[in-house]
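Peer 1: File entry_14.cif below, mmCIF, C-alpha atoms:
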```
data_input
#
loop_
_atom_site.label_atom_id
_atom_site.label_comp_id
_atom_site.auth_asym_id
_atom_site.auth_seq_id
_atom_site.Cartn_x
_atom_site.Cartn_y
_atom_site.Cartn_z
CA MET A 2 126.40 80.61 85.12
CA GLU A 3 128.74 81.61 87.96
CA LYS A 4 127.91 85.30 87.52
CA LEU A 5 124.17 84.50 87.53
CA THR A 6 124.56 82.45 90.69
CA LYS A 7 126.44 85.29 92.38
CA GLY A 8 123.80 87.76 91.22
CA LEU A 9 120.95 85.69 92.58
CA LYS A 10 122.82 85.17 95.84
CA ALA A 11 123.34 88.93 96.19
CA LYS A 12 119.70 89.62 95.37
CA ASN A 13 118.46 87.14 97.97
CA GLU A 14 120.86 88.55 100.54
CA ILE A 15 119.55 92.07 99.91
CA ILE A 16 115.96 90.88 100.40
CA THR A 17 116.85 89.09 103.63
CA ARG A 18 118.83 91.96 105.13
CA ALA A 19 116.41 94.63 103.90
CA THR A 20 113.55 92.77 105.59
CA GLU A 21 115.46 92.85 108.87
CA VAL A 22 116.40 96.53 108.56
CA PHE A 23 112.92 97.72 107.51
CA ASN A 24 111.37 95.69 110.33
CA GLN A 25 113.69 97.23 112.89
CA LYS A 26 114.11 100.79 111.61
CA GLY A 27 110.85 101.33 109.74
CA ILE A 28 109.71 101.41 106.13
CA HIS A 29 110.84 105.02 105.65
CA THR A 30 114.49 103.95 105.82
CA THR A 31 116.06 105.16 102.57
CA LEU A 32 118.04 103.01 100.16
CA ASN A 33 121.15 105.02 101.09
CA GLU A 34 120.57 104.23 104.77
CA LEU A 35 119.91 100.60 103.89
CA ALA A 36 123.15 100.40 101.90
CA GLU A 37 125.02 101.81 104.90
CA GLU A 38 123.44 99.16 107.15
CA LEU A 39 124.53 96.49 104.67
CA GLY A 40 128.04 97.94 104.40
CA GLN A 41 127.59 98.31 100.65
CA SER A 42 127.32 101.05 98.07
CA ILE A 43 123.88 102.21 96.90
CA SER A 44 124.57 100.66 93.48
CA TYR A 45 124.81 97.23 95.13
CA ILE A 46 121.08 97.56 95.84
CA THR A 47 119.91 99.51 92.78
CA ASN A 48 121.58 97.04 90.40
CA HIS A 49 118.89 94.61 91.55
CA PHE A 50 116.07 96.93 92.71
CA ARG A 51 115.93 100.30 91.00
CA THR A 52 113.53 101.76 93.58
CA LYS A 53 112.50 100.96 97.13
CA ASP A 54 109.04 99.98 95.89
CA TYR A 55 110.54 97.16 93.82
CA LEU A 56 112.45 95.98 96.86
CA PHE A 57 109.24 95.91 98.89
CA VAL A 58 107.58 93.94 96.09
CA ALA A 59 110.38 91.36 96.28
CA ILE A 60 109.93 91.10 100.05
CA ALA A 61 106.16 90.74 99.59
CA GLN A 62 106.70 88.00 96.99
CA ARG A 63 108.87 86.07 99.42
CA TYR A 64 106.14 86.47 102.02
CA GLU A 65 103.54 85.18 99.54
CA ALA A 66 105.71 82.16 98.70
CA GLN A 67 106.00 81.28 102.38
CA HIS A 68 102.26 81.84 102.80
CA LYS A 69 101.51 79.35 100.03
CA GLU A 70 103.82 76.77 101.62
CA ILE A 71 101.99 77.14 104.94
CA ASN A 72 98.62 76.57 103.27
CA VAL A 73 99.89 73.55 101.33
CA ARG A 74 101.35 72.01 104.49
CA PHE A 75 98.10 72.40 106.43
CA ASN A 76 95.97 71.21 103.52
CA GLU A 77 98.01 68.01 103.43
CA GLU A 78 97.18 67.29 107.06
CA PRO A 79 94.21 64.92 107.49
CA GLY A 80 90.99 66.19 109.05
CA PHE A 81 89.53 69.63 109.61
CA ASN A 82 88.56 71.24 112.91
CA LEU A 83 88.75 74.58 114.69
CA ASN A 84 91.98 73.67 116.48
CA LYS A 85 93.60 73.16 113.09
CA VAL A 86 92.17 76.49 111.90
CA VAL A 87 93.72 78.33 114.84
CA ARG A 88 97.09 76.63 114.27
CA LEU A 89 96.92 77.61 110.60
CA PHE A 90 96.09 81.22 111.43
CA SER A 91 98.87 81.24 114.02
CA ALA A 92 101.40 80.11 111.40
CA ILE A 93 100.12 82.74 108.95
CA MET A 94 100.48 85.46 111.58
CA ASP A 95 104.06 84.34 112.34
CA ASN A 96 104.86 84.66 108.65
CA GLN A 97 103.20 88.07 108.49
CA TYR A 98 105.26 89.21 111.46
CA THR A 99 108.48 88.00 109.83
CA TYR A 100 107.72 90.06 106.71
CA ARG A 101 105.74 92.80 108.44
CA CYS A 102 107.58 95.64 106.73
CA SER A 103 106.15 94.66 103.34
CA ILE A 104 102.59 94.53 104.67
CA ILE A 105 102.96 97.90 106.41
CA ALA A 106 104.44 99.32 103.18
CA VAL A 107 101.37 98.10 101.31
CA PHE A 108 99.11 99.86 103.82
CA ALA A 109 101.04 103.08 103.30
CA SER A 110 101.04 102.84 99.48
CA SER A 111 98.77 104.46 96.91
CA ASN A 112 97.62 103.42 93.45
CA SER A 113 100.24 105.75 91.96
CA GLN A 114 102.91 103.30 93.16
CA LYS A 115 102.31 100.89 90.30
CA ALA A 116 104.65 98.07 91.37
CA LEU A 117 103.24 97.91 94.90
CA PHE A 118 99.68 98.41 93.69
CA GLN A 119 99.98 95.44 91.32
CA GLN A 120 101.31 93.30 94.17
CA VAL A 121 98.36 94.36 96.33
CA ASN A 122 95.90 93.29 93.64
CA GLU A 123 97.57 89.90 93.19
CA SER A 124 97.61 89.30 96.94
CA PHE A 125 93.95 90.29 97.22
CA VAL A 126 92.93 87.74 94.58
CA ASN A 127 94.82 85.00 96.42
CA SER A 128 93.35 86.01 99.78
CA ARG A 129 89.83 86.16 98.35
CA ASN A 130 90.10 82.62 96.99
CA ASN A 131 91.56 81.25 100.22
CA ILE A 132 88.82 82.83 102.34
CA ARG A 133 86.10 81.38 100.14
CA GLN A 134 87.56 77.87 100.45
CA PHE A 135 87.95 78.33 104.19
CA VAL A 136 84.32 79.40 104.74
CA GLU A 137 83.05 76.58 102.50
CA ALA A 138 85.05 74.07 104.54
CA LEU A 139 83.59 75.41 107.80
CA VAL A 140 80.08 75.10 106.36
CA ALA A 141 80.72 71.58 105.03
CA THR A 142 81.98 70.39 108.43
CA GLY A 143 79.01 71.87 110.29
CA TYR A 144 80.77 74.69 112.11
CA LEU A 145 79.04 77.47 110.16
CA ASP A 146 75.47 77.93 109.01
CA PRO A 147 75.20 77.66 105.20
CA ARG A 148 73.72 81.17 105.19
CA ALA A 149 77.26 82.44 105.81
CA LEU A 150 77.77 81.86 102.08
CA SER A 151 74.83 84.03 101.03
CA PRO A 152 76.12 86.97 98.95
CA THR A 153 75.73 89.75 101.51
CA ALA A 154 76.78 87.73 104.55
CA TYR A 155 79.84 86.38 102.78
CA GLU A 156 80.95 89.78 101.47
CA VAL A 157 80.79 91.21 104.99
CA LEU A 158 82.70 88.23 106.39
CA LYS A 159 85.34 88.51 103.68
CA PHE A 160 85.75 92.21 104.38
CA GLN A 161 86.21 91.55 108.10
CA PHE A 162 88.74 88.78 107.54
CA ILE A 163 90.89 90.63 105.04
CA ASN A 164 91.02 93.78 107.15
CA LEU A 165 91.62 92.12 110.51
CA PHE A 166 94.20 89.76 109.06
CA MET A 167 96.19 92.75 107.83
CA ALA A 168 95.39 95.55 110.27
CA TRP A 169 96.60 93.71 113.39
CA LEU A 170 100.17 94.51 112.33
CA VAL A 171 99.43 98.23 112.20
CA ASN A 172 97.69 97.97 115.56
CA LEU A 173 100.74 96.23 117.01
CA GLU A 174 103.12 98.88 115.65
CA LEU A 175 101.01 101.84 116.80
CA PHE A 176 99.27 100.79 120.01
CA ASP A 177 100.66 97.50 121.38
CA TYR A 178 104.33 97.88 120.58
CA GLU A 179 105.41 97.78 124.23
CA MET A 180 103.36 94.64 124.87
CA GLY A 181 105.07 92.83 122.00
CA TYR A 182 103.93 90.32 119.43
CA GLU A 183 103.97 87.18 121.57
CA ALA A 184 101.81 88.76 124.27
CA MET A 185 99.27 90.19 121.84
CA LYS A 186 99.11 87.31 119.37
CA PRO A 187 96.44 85.24 121.22
CA ILE A 188 94.25 88.36 121.51
CA TYR A 189 94.60 89.15 117.81
CA LEU A 190 93.90 85.52 116.90
CA GLU A 191 90.72 85.49 118.93
CA GLY A 192 89.67 88.83 117.46
CA ILE A 193 90.03 87.47 113.93
CA LEU A 194 88.12 84.25 114.69
CA ASN A 195 85.35 86.21 116.42
CA CYS A 196 84.16 87.21 112.94
CA LEU A 197 82.74 83.71 112.68
CA LEU A 198 80.58 83.85 115.81
CA PRO A 199 77.42 85.34 114.22
CA HIS A 200 77.42 82.51 111.66
CA MET A 201 78.18 79.54 113.91
CA THR A 202 75.91 76.57 114.37
CA PRO A 203 75.33 75.21 117.90
CA PHE A 204 78.01 72.60 117.10
CA GLY A 205 80.39 75.32 116.00
CA SER A 206 79.68 77.50 119.05
CA GLU A 207 80.38 74.58 121.40
CA ALA A 208 83.68 73.81 119.65
CA TYR A 209 84.66 77.48 119.67
CA SER A 210 84.01 77.78 123.42
CA LYS A 211 86.63 75.07 124.04
CA LEU A 212 89.42 76.79 122.13
CA ASN A 213 92.46 77.95 124.09
CA PHE A 214 94.05 80.63 121.96
CA THR A 215 97.08 80.98 124.22
CA LYS A 216 98.05 77.31 123.93
CA LEU A 217 97.12 76.94 120.26
CA SER A 218 99.11 79.99 119.19
#
```
So that I can check it, write out the structure of this file as structure tokens.
Peer 2:
Amino acid sequence: MEKLTKGLKAKNEIITRATEVFNQKGIHTTLNELAEELGQSISYITNHFRTKDYLFVAIAQRYEAQHKEINVRFNEEPGFNLNKVVRLFSAIMDNQYTYRCSIIAVFASSNSQKALFQQVNESFVNSRNNIRQFVEALVATGYLDPRALSPTAYEVLKFQFINLFMAWLVNLELFDYEMGYEAMKPIYLEGILNCLLPHMTPFGSEAYSKLNFTKLS
């Protein structure tokens, strides 16, 4: 039991430190370079993660676990309004930023990287289900026109959400790096929520016009 506990502790420590190193130095950092940053031998890492892809999968799984906790916490809150939606999206973005290296690694992966590709598919299923519930809630509370759930309209909306909710990290790394996350976050938040505008009811449009993305983020 003691050896198992030590092994799990080492594994968790590798995930934590690897997340920090990949975030700071980039996803192309090698396992040898990572081991040097950790002050350990390469075998210290490969005993737990035989390739870098498996390490990225572990980081992505930790991200997904945190993501689920965020959704559960917000679902337990009473009521539903656009302010709550923005706060939820803000918390999701903070989590994405914390584990940004895993998301960027997914963007850079191909279907030949089987471990990462499987993680991508699992994440997509979870995201797809969450988006559907989110749009249904907005329709039920009168913010969106029910036609937003028609097959074509919904597929377009889902595509926009999934891409914007992932691609903002790449945009930050490539184009807005000098501005920084905190400065760009309200702009990205508003850009994501703007997907809803074509589907909003008059009630929804009025509520949306009163949102302050800087304060809510």
Peer 1: Name the residues that the PyMOL selection byres ((chain A and resi 92-109) around 9) picks from the file above, as a PDB file with C-alpha atoms, in the coordinates of the input, using the file's chain letters and numbers.
Peer 2:
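And here's part-v6.pdb as it stands now:
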```
ATOM      1  CA  THR A  20     113.550  92.770 105.590  1.00  0.00           C
ATOM      2  CA  GLU A  21     115.460  92.850 108.870  1.00  0.00           C
ATOM      3  CA  PHE A  23     112.920  97.720 107.510  1.00  0.00           C
ATOM      4  CA  ASN A  24     111.370  95.690 110.330  1.00  0.00           C
ATOM      5  CA  GLN A  25     113.690  97.230 112.890  1.00  0.00           C
ATOM      6  CA  GLY A  27     110.850 101.330 109.740  1.00  0.00           C
ATOM      7  CA  ILE A  28     109.710 101.410 106.130  1.00  0.00           C
ATOM      8  CA  HIS A  29     110.840 105.020 105.650  1.00  0.00           C
ATOM      9  CA  ASP A  54     109.040  99.980  95.890  1.00  0.00           C
ATOM     10  CA  PHE A  57     109.240  95.910  98.890  1.00  0.00           C
ATOM     11  CA  VAL A  58     107.580  93.940  96.090  1.00  0.00           C
ATOM     12  CA  ALA A  59     110.380  91.360  96.280  1.00  0.00           C
ATOM     13  CA  ILE A  60     109.930  91.100 100.050  1.00  0.00           C
ATOM     14  CA  ALA A  61     106.160  90.740  99.590  1.00  0.00           C
ATOM     15  CA  ARG A  63     108.870  86.070  99.420  1.00  0.00           C
ATOM     16  CA  TYR A  64     106.140  86.470 102.020  1.00  0.00           C
ATOM     17  CA  GLN A  67     106.000  81.280 102.380  1.00  0.00           C
ATOM     18  CA  HIS A  68     102.260  81.840 102.800  1.00  0.00           C
ATOM     19  CA  ILE A  71     101.990  77.140 104.940  1.00  0.00           C
ATOM     20  CA  ASN A  72      98.620  76.570 103.270  1.00  0.00           C
ATOM     21  CA  VAL A  87      93.720  78.330 114.840  1.00  0.00           C
ATOM     22  CA  ARG A  88      97.090  76.630 114.270  1.00  0.00           C
ATOM     23  CA  LEU A  89      96.920  77.610 110.600  1.00  0.00           C
ATOM     24  CA  PHE A  90      96.090  81.220 111.430  1.00  0.00           C
ATOM     25  CA  SER A  91      98.870  81.240 114.020  1.00  0.00           C
ATOM     26  CA  SER A 110     101.040 102.840  99.480  1.00  0.00           C
ATOM     27  CA  SER A 111      98.770 104.460  96.910  1.00  0.00           C
ATOM     28  CA  LEU A 117     103.240  97.910  94.900  1.00  0.00           C
ATOM     29  CA  PHE A 118      99.680  98.410  93.690  1.00  0.00           C
ATOM     30  CA  GLN A 120     101.310  93.300  94.170  1.00  0.00           C
ATOM     31  CA  VAL A 121      98.360  94.360  96.330  1.00  0.00           C
ATOM     32  CA  PHE A 166      94.200  89.760 109.060  1.00  0.00           C
ATOM     33  CA  MET A 167      96.190  92.750 107.830  1.00  0.00           C
ATOM     34  CA  ALA A 168      95.390  95.550 110.270  1.00  0.00           C
ATOM     35  CA  LEU A 170     100.170  94.510 112.330  1.00  0.00           C
ATOM     36  CA  VAL A 171      99.430  98.230 112.200  1.00  0.00           C
ATOM     37  CA  TYR A 182     103.930  90.320 119.430  1.00  0.00           C
ATOM     38  CA  LYS A 186      99.110  87.310 119.370  1.00  0.00           C
ATOM     39  CA  LEU A 190      93.900  85.520 116.900  1.00  0.00           C
ATOM     40  CA  SER A 218      99.110  79.990 119.190  1.00  0.00           C
TER      41      SER A 218
END
```
Peer 1: Could you give me, as a count of residues only, the residues within 12 Å of Thr142 (chain A), counting all atoms listed in the file and dropping anything in the same chain fewer than 2 positions from it?
Peer 2: 19
Peer 1: Of the candidates A:Leu32, A:Ile163, A:Leu212, A:Val22, which shows the shortest atom-to-atom distance to Pro187 (chain A), using all atoms listed in the file?
Peer 2: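 Of A:Leu32, A:Ile163, A:Leu212, A:Val22, the one nearest Pro187 (chain A) is A:Leu212, counting all atoms listed in the file.
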Peer 1: From the options A:Ala36, A:Cys196, A:Leu158, A:Ala66, which residue's atoms come nearest to Ile132 (chain A), counting all atoms listed in the file?
Peer 2: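 For Ile132 (chain A), the nearest of the given residues is A:Leu158.
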Peer 1: Name the residues captured by the PyMOL selection byres ((chain A and resi 13-16) around 8) when it is applied to the shown file; answer as an NGL selection string.
Peer 2: :A and (9-12 or 17-20 or 46 or 56 or 59-60)
Peer 1: Can you measure CA of Lys26 (chain A) to CA of Glu174 (chain A) for me? One decimal in Å is fine.
Peer 2: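 Computed distance, CA of Lys26 (chain A) to CA of Glu174 (chain A), equals 11.9 Å.
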Peer 1: Calculate how many Å separate CA of Gln134 (chain A) from CA of Pro199 (chain A), rounding to one decimal.
Peer 2: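 Computed distance, CA of Gln134 (chain A) to CA of Pro199 (chain A), equals 18.7 Å.
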Peer 1: When you draw a straight line from CA of Ser151 (chain A) to CA of Lys85 (chain A), how long is it in Å?
Peer 2: 24.8 Å
Peer 1: Show me, as number ranges by chain, the residues that have an atom within 9 Å of Leu165 (chain A) when counting only C-alpha atoms, minus same-chain residues fewer than 5 positions from it.
Peer 2: A: 160, 189, 192-193
Peer 1: Pick out the closest residue to Ala184 (chain A) from this set: A:Ser44, A:Thr215, A:Thr52, A:Thr153. Count all atoms listed in the file.
Peer 2: A:Thr215
Peer 1: Let me make sure I understand: among A:Arg74, A:Arg148, A:Lys7, A:Arg133, which one has the smallest atom-to-atom distance to Phe162 (chain A) if we use all atoms listed in the file?
Peer 2: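 Checking each of A:Arg74, A:Arg148, A:Lys7, A:Arg133 against Phe162 (chain A), counting all atoms listed in the file, the winner is A:Arg133.
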